[in-house]
>>> print(open('work26.tsv').read())   # TSV, C-alpha atoms and all ligand atoms
chain	number	residue	atom	x	y	z
A	1	MET	CA	-40.00	-35.15	-15.35
A	2	ASP	CA	-38.41	-38.40	-16.57
A	3	PRO	CA	-34.85	-37.51	-17.61
A	4	ASP	CA	-34.77	-40.52	-19.97
A	5	ILE	CA	-31.33	-41.80	-18.97
A	6	PRO	CA	-29.85	-43.92	-21.79
A	7	LYS	CA	-28.85	-47.54	-21.17
A	8	MET	CA	-25.61	-49.26	-22.12
A	9	ALA	CA	-26.13	-52.78	-23.50
A	10	LEU	CA	-23.67	-55.15	-21.81
A	11	GLN	CA	-22.29	-58.30	-23.44
A	12	THR	CA	-24.57	-60.45	-21.23
A	13	GLY	CA	-27.68	-58.62	-22.43
A	14	ALA	CA	-28.11	-56.51	-19.29
A	15	GLN	CA	-29.01	-52.85	-19.78
A	16	MET	CA	-26.86	-50.68	-17.51
A	17	PRO	CA	-28.02	-47.08	-16.97
A	18	GLN	CA	-25.33	-44.83	-18.41
A	19	PHE	CA	-25.55	-42.36	-15.54
A	20	GLY	CA	-25.63	-42.89	-11.77
A	21	LEU	CA	-24.89	-41.50	-8.32
A	22	GLY	CA	-21.43	-42.16	-6.85
A	23	THR	CA	-21.37	-42.53	-3.08
A	24	TRP	CA	-17.70	-42.50	-2.05
A	25	LYS	CA	-17.40	-40.29	1.05
A	26	LEU	CA	-21.17	-40.05	1.43
A	27	THR	CA	-21.89	-41.02	5.04
A	28	GLY	CA	-24.60	-40.76	7.68
A	29	ASP	CA	-27.85	-38.90	6.99
A	30	THR	CA	-26.26	-37.06	4.06
A	31	CYS	CA	-25.83	-40.40	2.31
A	32	VAL	CA	-29.36	-41.61	3.11
A	33	GLU	CA	-30.87	-38.35	1.86
A	34	ALA	CA	-28.68	-38.11	-1.25
A	35	VAL	CA	-29.53	-41.65	-2.39
A	36	ASP	CA	-33.24	-41.20	-1.71
A	37	ALA	CA	-33.32	-37.76	-3.40
A	38	ALA	CA	-31.48	-39.07	-6.46
A	39	LEU	CA	-33.90	-41.97	-6.93
A	40	ARG	CA	-36.90	-39.67	-6.47
A	41	MET	CA	-35.44	-37.30	-9.07
A	42	GLY	CA	-35.12	-40.03	-11.69
A	43	TYR	CA	-31.64	-41.49	-11.13
A	44	ASP	CA	-31.80	-45.26	-11.61
A	45	HIS	CA	-28.24	-46.28	-10.74
A	46	ILE	CA	-26.33	-46.17	-7.43
A	47	ASP	CA	-22.61	-46.96	-7.09
A	48	THR	CA	-21.16	-48.04	-3.73
A	49	ALA	CA	-18.40	-50.32	-2.42
A	50	ASP	CA	-17.61	-52.43	0.63
A	51	VAL	CA	-14.72	-50.12	1.49
A	52	TYR	CA	-16.91	-46.97	1.46
A	53	GLY	CA	-18.48	-48.24	4.71
A	54	ASN	CA	-21.88	-46.79	3.76
A	55	HIS	CA	-23.93	-49.84	2.78
A	56	ARG	CA	-26.30	-49.37	5.74
A	57	GLU	CA	-26.94	-45.77	4.72
A	58	VAL	CA	-27.38	-46.73	1.07
A	59	ALA	CA	-29.87	-49.39	2.27
A	60	ALA	CA	-31.85	-46.69	4.10
A	61	GLY	CA	-31.76	-44.48	0.99
A	62	ILE	CA	-33.04	-47.17	-1.38
A	63	ALA	CA	-35.68	-48.44	1.09
A	64	GLY	CA	-39.11	-47.65	-0.30
A	65	HIS	CA	-37.88	-47.67	-3.90
A	66	ASP	CA	-38.74	-50.60	-6.17
A	67	ARG	CA	-35.62	-52.81	-6.23
A	68	ASP	CA	-36.11	-53.71	-9.88
A	69	GLY	CA	-36.38	-50.02	-10.78
A	70	PHE	CA	-32.72	-49.16	-10.22
A	71	TRP	CA	-29.24	-50.55	-10.85
A	72	LEU	CA	-27.00	-51.25	-7.84
A	73	THR	CA	-23.23	-51.75	-8.08
A	74	SER	CA	-20.92	-52.65	-5.20
A	75	LYS	CA	-17.29	-53.77	-5.03
A	76	VAL	CA	-15.20	-56.32	-3.15
A	77	ASN	CA	-11.95	-54.76	-2.00
A	78	ARG	CA	-8.38	-55.97	-2.34
A	79	GLY	CA	-7.52	-57.91	0.78
A	80	SER	CA	-10.76	-59.91	0.34
A	81	LEU	CA	-10.06	-61.51	-3.02
A	82	LEU	CA	-9.40	-65.14	-2.04
A	83	TYR	CA	-12.22	-67.55	-2.90
A	84	ASP	CA	-13.90	-67.85	0.52
A	85	ASP	CA	-13.40	-64.14	1.29
A	86	VAL	CA	-15.18	-63.06	-1.90
A	87	LEU	CA	-18.18	-65.28	-1.09
A	88	ALA	CA	-18.36	-64.13	2.55
A	89	THR	CA	-17.93	-60.45	1.64
A	90	CYS	CA	-20.71	-60.57	-0.93
A	91	GLU	CA	-23.07	-62.32	1.47
A	92	ARG	CA	-22.37	-59.62	4.10
A	93	ASN	CA	-22.75	-56.84	1.52
A	94	LEU	CA	-26.20	-58.13	0.51
A	95	GLN	CA	-27.25	-58.20	4.17
A	96	GLU	CA	-25.95	-54.67	4.77
A	97	LEU	CA	-27.68	-53.35	1.65
A	98	GLU	CA	-30.85	-55.34	2.47
A	99	VAL	CA	-31.17	-56.61	-1.09
A	100	ASP	CA	-31.38	-60.08	-2.64
A	101	TYR	CA	-29.03	-59.33	-5.51
A	102	LEU	CA	-26.57	-56.82	-6.91
A	103	ASP	CA	-26.76	-55.85	-10.55
A	104	LEU	CA	-23.00	-55.63	-10.71
A	105	TYR	CA	-20.17	-56.71	-8.39
A	106	LEU	CA	-16.67	-55.44	-9.15
A	107	ILE	CA	-13.17	-56.33	-8.02
A	108	HIS	CA	-12.36	-52.90	-6.58
A	109	TRP	CA	-8.58	-53.01	-7.11
A	110	PRO	CA	-6.28	-55.70	-8.48
A	111	ASP	CA	-4.28	-57.49	-5.77
A	112	ALA	CA	-1.04	-59.25	-6.64
A	113	ASP	CA	-1.38	-61.35	-3.46
A	114	ALA	CA	-4.60	-63.06	-4.62
A	115	PRO	CA	-4.53	-65.34	-7.68
A	116	MET	CA	-6.94	-63.77	-10.16
A	117	GLU	CA	-8.25	-67.14	-11.28
A	118	GLU	CA	-9.42	-67.81	-7.72
A	119	THR	CA	-11.22	-64.46	-7.44
A	120	PHE	CA	-13.02	-64.95	-10.75
A	121	ARG	CA	-14.00	-68.51	-9.77
A	122	ALA	CA	-15.71	-67.07	-6.69
A	123	LEU	CA	-17.39	-64.33	-8.73
A	124	LYS	CA	-18.64	-66.95	-11.19
A	125	ARG	CA	-20.22	-68.86	-8.31
A	126	LEU	CA	-21.92	-65.67	-7.04
A	127	ARG	CA	-23.28	-65.10	-10.52
A	128	ASP	CA	-24.39	-68.72	-10.98
A	129	GLU	CA	-26.21	-68.56	-7.64
A	130	GLY	CA	-27.98	-65.29	-8.53
A	131	MET	CA	-26.43	-63.16	-5.78
A	132	VAL	CA	-24.98	-60.90	-8.46
A	133	ARG	CA	-26.30	-60.53	-12.00
A	134	ASP	CA	-23.02	-59.48	-13.59
A	135	ILE	CA	-19.41	-59.10	-12.57
A	136	GLY	CA	-16.62	-56.75	-13.53
A	137	VAL	CA	-13.45	-55.03	-12.42
A	138	SER	CA	-12.20	-51.62	-11.36
A	139	ASN	CA	-8.82	-49.93	-11.61
A	140	PHE	CA	-7.70	-52.66	-14.02
A	141	MET	CA	-5.05	-51.20	-16.32
A	142	VAL	CA	-3.90	-52.95	-19.51
A	143	GLU	CA	-1.69	-55.55	-17.79
A	144	HIS	CA	-4.36	-56.47	-15.20
A	145	LEU	CA	-7.12	-56.67	-17.77
A	146	THR	CA	-5.00	-58.78	-20.10
A	147	GLU	CA	-4.46	-61.33	-17.32
A	148	ALA	CA	-8.12	-61.19	-16.27
A	149	LEU	CA	-9.30	-61.94	-19.79
A	150	GLU	CA	-7.03	-64.99	-19.88
A	151	VAL	CA	-8.24	-66.54	-16.63
A	152	ALA	CA	-11.89	-65.50	-16.15
A	153	GLU	CA	-14.49	-68.11	-17.03
A	154	VAL	CA	-17.28	-65.59	-16.59
A	155	PRO	CA	-17.98	-62.52	-18.75
A	156	ILE	CA	-16.26	-59.36	-17.48
A	157	VAL	CA	-18.84	-56.74	-18.43
A	158	ASN	CA	-17.42	-53.54	-16.93
A	159	ASN	CA	-14.19	-51.81	-15.96
A	160	GLN	CA	-14.61	-48.81	-13.64
A	161	ILE	CA	-11.60	-46.52	-14.01
A	162	LYS	CA	-10.59	-42.95	-13.24
A	163	PHE	CA	-11.37	-41.00	-16.39
A	164	HIS	CA	-12.11	-37.30	-16.78
A	165	PRO	CA	-11.00	-34.40	-19.03
A	166	GLY	CA	-7.64	-34.10	-17.22
A	167	HIS	CA	-6.96	-37.86	-17.03
A	168	GLN	CA	-7.60	-39.91	-20.16
A	169	PRO	CA	-6.11	-43.46	-20.18
A	170	TRP	CA	-7.31	-44.30	-23.69
A	171	ASP	CA	-5.15	-47.47	-23.89
A	172	VAL	CA	-7.36	-49.17	-21.26
A	173	VAL	CA	-10.52	-47.93	-22.94
A	174	GLU	CA	-9.40	-49.39	-26.28
A	175	LEU	CA	-8.68	-52.79	-24.72
A	176	CYS	CA	-12.11	-52.70	-23.05
A	177	ARG	CA	-13.81	-51.91	-26.34
A	178	GLU	CA	-11.97	-54.71	-28.16
A	179	ASN	CA	-13.40	-57.09	-25.56
A	180	ASP	CA	-16.92	-55.67	-25.25
A	181	ILE	CA	-16.28	-54.36	-21.73
A	182	ALA	CA	-18.27	-51.23	-20.87
A	183	VAL	CA	-16.21	-48.45	-19.28
A	184	THR	CA	-17.40	-46.53	-16.23
A	185	ALA	CA	-15.65	-43.19	-15.65
A	186	TYR	CA	-15.13	-42.51	-11.96
A	187	SER	CA	-14.18	-39.15	-10.44
A	188	PRO	CA	-15.75	-37.55	-13.55
A	189	LEU	CA	-15.32	-34.09	-12.00
A	190	GLY	CA	-11.73	-34.84	-11.00
A	191	HIS	CA	-13.02	-35.11	-7.43
A	192	GLY	CA	-14.17	-31.48	-7.81
A	193	GLU	CA	-10.78	-30.17	-8.94
A	194	LEU	CA	-11.82	-29.61	-12.58
A	195	LEU	CA	-14.47	-27.07	-11.70
A	196	GLU	CA	-12.05	-24.13	-11.88
A	197	ASN	CA	-10.33	-25.23	-15.10
A	198	ALA	CA	-10.15	-22.27	-17.53
A	199	THR	CA	-10.74	-24.28	-20.74
A	200	LEU	CA	-13.76	-26.02	-19.27
A	201	LYS	CA	-15.11	-22.73	-17.91
A	202	ARG	CA	-14.94	-21.17	-21.36
A	203	ILE	CA	-16.67	-24.15	-23.00
A	204	ALA	CA	-19.32	-24.08	-20.26
A	205	ALA	CA	-19.94	-20.39	-20.97
A	206	GLU	CA	-20.26	-21.12	-24.73
A	207	LEU	CA	-22.89	-23.76	-23.97
A	208	GLU	CA	-24.57	-21.80	-21.16
A	209	ARG	CA	-24.01	-24.79	-18.86
A	210	THR	CA	-21.91	-25.43	-15.76
A	211	VAL	CA	-18.42	-26.95	-15.80
A	212	ALA	CA	-19.78	-30.04	-14.01
A	213	GLN	CA	-22.36	-30.53	-16.76
A	214	VAL	CA	-19.70	-30.14	-19.47
A	215	CYS	CA	-17.48	-32.83	-17.87
A	216	LEU	CA	-20.37	-35.26	-17.46
A	217	ARG	CA	-21.85	-34.66	-20.92
A	218	TRP	CA	-18.43	-35.06	-22.53
A	219	LEU	CA	-17.96	-38.46	-20.84
A	220	LEU	CA	-21.44	-39.59	-21.94
A	221	GLN	CA	-20.49	-38.66	-25.51
A	222	GLN	CA	-17.36	-40.86	-25.17
A	223	GLN	CA	-19.86	-43.75	-24.65
A	224	MET	CA	-18.87	-44.13	-21.02
A	225	ILE	CA	-20.99	-44.71	-17.94
A	226	VAL	CA	-20.70	-41.75	-15.58
A	227	ILE	CA	-21.15	-41.75	-11.78
A	228	PRO	CA	-20.65	-38.29	-10.22
A	229	LYS	CA	-20.90	-37.98	-6.46
A	230	GLY	CA	-23.09	-35.20	-5.09
A	231	SER	CA	-24.04	-34.45	-1.49
A	232	SER	CA	-26.54	-31.65	-1.95
A	233	GLU	CA	-29.85	-31.93	-3.74
A	234	ALA	CA	-28.77	-28.95	-5.88
A	235	HIS	CA	-25.64	-30.73	-7.17
A	236	ILE	CA	-27.49	-34.02	-7.65
A	237	ARG	CA	-30.18	-32.23	-9.68
A	238	GLU	CA	-27.74	-30.14	-11.71
A	239	ASN	CA	-25.75	-33.25	-12.65
A	240	LEU	CA	-28.83	-34.89	-14.12
A	241	GLN	CA	-29.44	-32.06	-16.62
A	242	LEU	CA	-27.32	-33.61	-19.37
A	243	PHE	CA	-29.68	-34.89	-21.97
A	244	ASP	CA	-30.74	-31.72	-23.80
A	245	PHE	CA	-27.42	-30.35	-25.11
A	246	GLU	CA	-24.30	-31.55	-26.91
A	247	ILE	CA	-20.57	-30.91	-26.86
A	248	SER	CA	-19.57	-29.91	-30.43
A	249	PRO	CA	-16.80	-31.75	-32.33
A	250	GLU	CA	-14.52	-28.71	-31.83
A	251	GLN	CA	-15.17	-28.63	-28.09
A	252	ASP	CA	-14.69	-32.39	-27.94
A	253	ALA	CA	-11.28	-32.07	-29.62
A	254	GLU	CA	-10.28	-29.36	-27.17
A	255	ILE	CA	-11.27	-31.44	-24.13
A	256	ARG	CA	-9.48	-34.49	-25.55
A	257	GLY	CA	-6.40	-32.29	-25.81
A	258	MET	CA	-6.50	-31.74	-22.03
A	259	GLY	CA	-5.82	-35.41	-21.21
B	1	LIG	P1	-16.41	-36.57	-8.46
B	1	LIG	O1	-17.75	-37.13	-8.71
B	1	LIG	O2	-15.48	-36.36	-9.59
B	1	LIG	O3	-16.51	-35.18	-7.66
B	1	LIG	C1	-17.25	-35.06	-6.48
B	1	LIG	C2	-17.03	-33.66	-5.94
B	1	LIG	O4	-17.59	-32.71	-6.84
B	1	LIG	C3	-17.68	-33.44	-4.59
B	1	LIG	O5	-16.84	-32.57	-3.86
B	1	LIG	C4	-18.99	-32.76	-4.95
B	1	LIG	O6	-19.42	-31.88	-3.95
B	1	LIG	C5	-18.59	-31.96	-6.15
B	1	LIG	N1	-19.72	-31.76	-7.07
B	1	LIG	C6	-20.59	-32.68	-7.54
B	1	LIG	N2	-21.47	-32.12	-8.37
B	1	LIG	C7	-21.16	-30.81	-8.43
B	1	LIG	C8	-21.72	-29.73	-9.13
B	1	LIG	N3	-22.76	-29.88	-9.95
B	1	LIG	N4	-21.15	-28.50	-8.97
B	1	LIG	C9	-20.08	-28.32	-8.15
B	1	LIG	N5	-19.51	-29.32	-7.46
B	1	LIG	C10	-20.05	-30.58	-7.61
B	1	LIG	O7	-15.62	-37.43	-7.36
B	1	LIG	P2	-15.60	-38.90	-6.79
B	1	LIG	O8	-16.52	-39.04	-5.65
B	1	LIG	O9	-14.15	-39.19	-6.61
B	1	LIG	O10	-16.10	-39.86	-7.98
B	1	LIG	C11	-17.45	-40.18	-8.19
B	1	LIG	C12	-17.75	-41.61	-7.81
B	1	LIG	O11	-16.92	-42.52	-8.50
B	1	LIG	C13	-17.48	-41.95	-6.33
B	1	LIG	O12	-18.42	-41.38	-5.46
B	1	LIG	C14	-17.48	-43.45	-6.39
B	1	LIG	O13	-18.79	-43.95	-6.44
B	1	LIG	C15	-16.71	-43.68	-7.70
B	1	LIG	N6	-15.26	-43.86	-7.45
B	1	LIG	C16	-14.75	-45.11	-7.63
B	1	LIG	C17	-13.40	-45.36	-7.40
B	1	LIG	C18	-12.86	-46.73	-7.62
B	1	LIG	O14	-11.71	-47.00	-7.20
B	1	LIG	N7	-13.60	-47.58	-8.28
B	1	LIG	C19	-12.55	-44.32	-6.96
B	1	LIG	C20	-13.10	-43.04	-6.80
B	1	LIG	C21	-14.45	-42.82	-7.06
B	1	LIG	P3	-20.65	-32.23	-2.96
B	1	LIG	O15	-20.31	-33.53	-2.32
B	1	LIG	O16	-20.62	-31.06	-2.03
B	1	LIG	O17	-21.91	-32.29	-3.77
>>> encode(input="work26.tsv", output="structure tokens")
Amino acid sequence: MDPDIPKMALQTGAQMPQFGLGTWKLTGDTCVEAVDAALRMGYDHIDTADVYGNHREVAAGIAGHDRDGFWLTSKVNRGSLLYDDVLATCERNLQELEVDYLDLYLIHWPDADAPMEETFRALKRLRDEGMVRDIGVSNFMVEHLTEALEVAEVPIVNNQIKFHPGHQPWDVVELCRENDIAVTAYSPLGHGELLENATLKRIAAELERTVAQVCLRWLLQQQMIVIPKGSSEAHIRENLQLFDFEISPEQDAEIRGMG
């Protein structure tokens, strides 16, 4: 059944699926099978990164799926943010992933040793040449994003940050919204640590859902893009069941109070 995953309109006009599969720590056959299972189930967005070391496995997982039918994000890591390094890393990443383009390429972490203007100049070239369709950042807090917005001559469409019920950096989110930058919430389940939280367990019982589903649905209702990681088909399937229930305003206020 088509889960009808909503899209987030980016400032460049691209439509980014609001929900996807995170792949940090997914390796080997588990990674191949998780990516393939997710796409077969109706996921249309995969998140990876150069530093995850799993591009070959992601490539095997997406093989056989129509490239234009899903969104693919990867990230260039700190340590590779000088002009020539960004270009070379992206070229290698495309080869590893066996694709002609990435939908989104992010600066994984800010790096004080690389002039930001130089990194964005390289990203602009990648975009102009069609190797990546859009560019963005990750782990950019207010001071990093403020500098980025001053120097980038290419639209920054996305900031991927740690955001979940126990960790809510709203100051970054507000700056993103003022500048039409979509926010992706990573570690939406607190890397698994939120699953035993008493408040979330009670809300999950009220809704007759799981704690994982409550975390993910809550983030969707904050107008964020959400990318939970799951290894097993059961987790990957459970995490997709988010589009037929709602967190109430009272429950929302309670979860906001956890941050
Ligand atoms: P997460 O998605 O918050 O949590 C993943 C953990 O929760 C795994 O142990 C997983 O177990 C478990 N889990 C998933 N679904 C579950 C369910 N329905 N019920 C019970 N347990 C469940 O953690 P994350 O991997 O840190 O974050 C998600 C993604 O965000 C990453 O994979 C990556 O793509 C991205 N990320 C980006 C950055 C960055 O710097 N940009 C940093 C961290 C993460 P199983 O594996 O056993 O299914």
>>> residues_near_ligand(input="work26.tsv", ligand="ligand LIG 1 (chain B)", cutoff="7 Å", atoms="only C-alpha atoms and all ligand atoms", output="PyMOL selection string")
chain A and resi 21-25+47-48+108-109+138-139+160-162+186-192+195+212-213+227-232+235-236+238-239
>>> closest_residue(input="work26.tsv", among="A:Ala60, A:Ala204, A:Leu242, A:Leu220", to="Thr27 (chain A)", atoms="all atoms listed in the file")
A:Ala60
>>> closest_residue(input="work26.tsv", among="A:Pro155, A:Glu233, A:Ala185, A:Ala198", to="Thr30 (chain A)", atoms="all atoms listed in the file")
A:Glu233
>>> residues_near_point(input="work26.tsv", point="(-27.8, -41.7, -20.3)", cutoff="12 Å", atoms="only C-alpha atoms", output="PyMOL selection string")
chain A and resi 2-9+15-20+42-45+216-227+239-244
>>> closest_residue(input="work26.tsv", among="A:Arg177, A:Leu106, A:Gly257, A:Val32", to="Lys124 (chain A)", atoms="all atoms listed in the file")
A:Leu106
>>> closest_residue(input="work26.tsv", among="A:Tyr52, A:Asp68, A:Arg92, A:Glu147", to="Glu117 (chain A)", atoms="all atoms listed in the file")
A:Glu147
>>> atom_distance(input="work26.tsv", atom1="CA of Val151 (chain A)", atom2="CA of Met116 (chain A)")
7.2 Å
>>> build_atoms(input="work26.tsv", residues="region 129-143 of chain A", atoms="N, CA, C and O atoms", output="PDB file, in the coordinates of the input")
ATOM      1  N   GLU A 129     -25.223 -68.417  -8.717  1.00  0.00           N
ATOM      2  CA  GLU A 129     -26.210 -68.560  -7.640  1.00  0.00           C
ATOM      3  C   GLU A 129     -27.191 -67.382  -7.576  1.00  0.00           C
ATOM      4  O   GLU A 129     -28.073 -67.350  -6.723  1.00  0.00           O
ATOM      5  N   GLY A 130     -27.006 -66.392  -8.456  1.00  0.00           N
ATOM      6  CA  GLY A 130     -27.980 -65.290  -8.530  1.00  0.00           C
ATOM      7  C   GLY A 130     -27.764 -64.178  -7.518  1.00  0.00           C
ATOM      8  O   GLY A 130     -28.586 -63.268  -7.401  1.00  0.00           O
ATOM      9  N   MET A 131     -26.673 -64.249  -6.755  1.00  0.00           N
ATOM     10  CA  MET A 131     -26.430 -63.160  -5.780  1.00  0.00           C
ATOM     11  C   MET A 131     -25.994 -61.889  -6.498  1.00  0.00           C
ATOM     12  O   MET A 131     -26.237 -60.780  -6.011  1.00  0.00           O
ATOM     13  N   VAL A 132     -25.338 -62.051  -7.624  1.00  0.00           N
ATOM     14  CA  VAL A 132     -24.980 -60.900  -8.460  1.00  0.00           C
ATOM     15  C   VAL A 132     -25.381 -61.247  -9.901  1.00  0.00           C
ATOM     16  O   VAL A 132     -25.283 -62.392 -10.305  1.00  0.00           O
ATOM     17  N   ARG A 133     -25.844 -60.240 -10.625  1.00  0.00           N
ATOM     18  CA  ARG A 133     -26.300 -60.530 -12.000  1.00  0.00           C
ATOM     19  C   ARG A 133     -25.153 -60.471 -12.993  1.00  0.00           C
ATOM     20  O   ARG A 133     -25.146 -61.186 -13.979  1.00  0.00           O
ATOM     21  N   ASP A 134     -24.200 -59.573 -12.718  1.00  0.00           N
ATOM     22  CA  ASP A 134     -23.020 -59.480 -13.590  1.00  0.00           C
ATOM     23  C   ASP A 134     -21.811 -59.148 -12.736  1.00  0.00           C
ATOM     24  O   ASP A 134     -21.937 -58.647 -11.630  1.00  0.00           O
ATOM     25  N   ILE A 135     -20.640 -59.394 -13.314  1.00  0.00           N
ATOM     26  CA  ILE A 135     -19.410 -59.100 -12.570  1.00  0.00           C
ATOM     27  C   ILE A 135     -18.471 -58.264 -13.463  1.00  0.00           C
ATOM     28  O   ILE A 135     -18.570 -58.268 -14.685  1.00  0.00           O
ATOM     29  N   GLY A 136     -17.569 -57.567 -12.782  1.00  0.00           N
ATOM     30  CA  GLY A 136     -16.620 -56.750 -13.530  1.00  0.00           C
ATOM     31  C   GLY A 136     -15.433 -56.392 -12.653  1.00  0.00           C
ATOM     32  O   GLY A 136     -15.222 -56.993 -11.587  1.00  0.00           O
ATOM     33  N   VAL A 137     -14.688 -55.401 -13.101  1.00  0.00           N
ATOM     34  CA  VAL A 137     -13.450 -55.030 -12.420  1.00  0.00           C
ATOM     35  C   VAL A 137     -13.386 -53.505 -12.298  1.00  0.00           C
ATOM     36  O   VAL A 137     -14.186 -52.786 -12.897  1.00  0.00           O
ATOM     37  N   SER A 138     -12.419 -53.055 -11.506  1.00  0.00           N
ATOM     38  CA  SER A 138     -12.200 -51.620 -11.360  1.00  0.00           C
ATOM     39  C   SER A 138     -10.711 -51.375 -11.161  1.00  0.00           C
ATOM     40  O   SER A 138     -10.025 -52.188 -10.531  1.00  0.00           O
ATOM     41  N   ASN A 139     -10.248 -50.277 -11.700  1.00  0.00           N
ATOM     42  CA  ASN A 139      -8.820 -49.930 -11.610  1.00  0.00           C
ATOM     43  C   ASN A 139      -7.939 -50.983 -12.276  1.00  0.00           C
ATOM     44  O   ASN A 139      -6.795 -51.181 -11.866  1.00  0.00           O
ATOM     45  N   PHE A 140      -8.489 -51.691 -13.266  1.00  0.00           N
ATOM     46  CA  PHE A 140      -7.700 -52.660 -14.020  1.00  0.00           C
ATOM     47  C   PHE A 140      -7.085 -51.944 -15.226  1.00  0.00           C
ATOM     48  O   PHE A 140      -7.796 -51.525 -16.134  1.00  0.00           O
ATOM     49  N   MET A 141      -5.773 -51.780 -15.190  1.00  0.00           N
ATOM     50  CA  MET A 141      -5.050 -51.200 -16.320  1.00  0.00           C
ATOM     51  C   MET A 141      -4.758 -52.317 -17.323  1.00  0.00           C
ATOM     52  O   MET A 141      -5.146 -53.471 -17.118  1.00  0.00           O
ATOM     53  N   VAL A 142      -4.033 -51.991 -18.398  1.00  0.00           N
ATOM     54  CA  VAL A 142      -3.900 -52.950 -19.510  1.00  0.00           C
ATOM     55  C   VAL A 142      -3.348 -54.297 -19.029  1.00  0.00           C
ATOM     56  O   VAL A 142      -3.867 -55.362 -19.389  1.00  0.00           O
ATOM     57  N   GLU A 143      -2.303 -54.264 -18.185  1.00  0.00           N
ATOM     58  CA  GLU A 143      -1.690 -55.550 -17.790  1.00  0.00           C
ATOM     59  C   GLU A 143      -2.641 -56.383 -16.920  1.00  0.00           C
ATOM     60  O   GLU A 143      -2.711 -57.610 -17.067  1.00  0.00           O
TER      61      GLU A 143
END
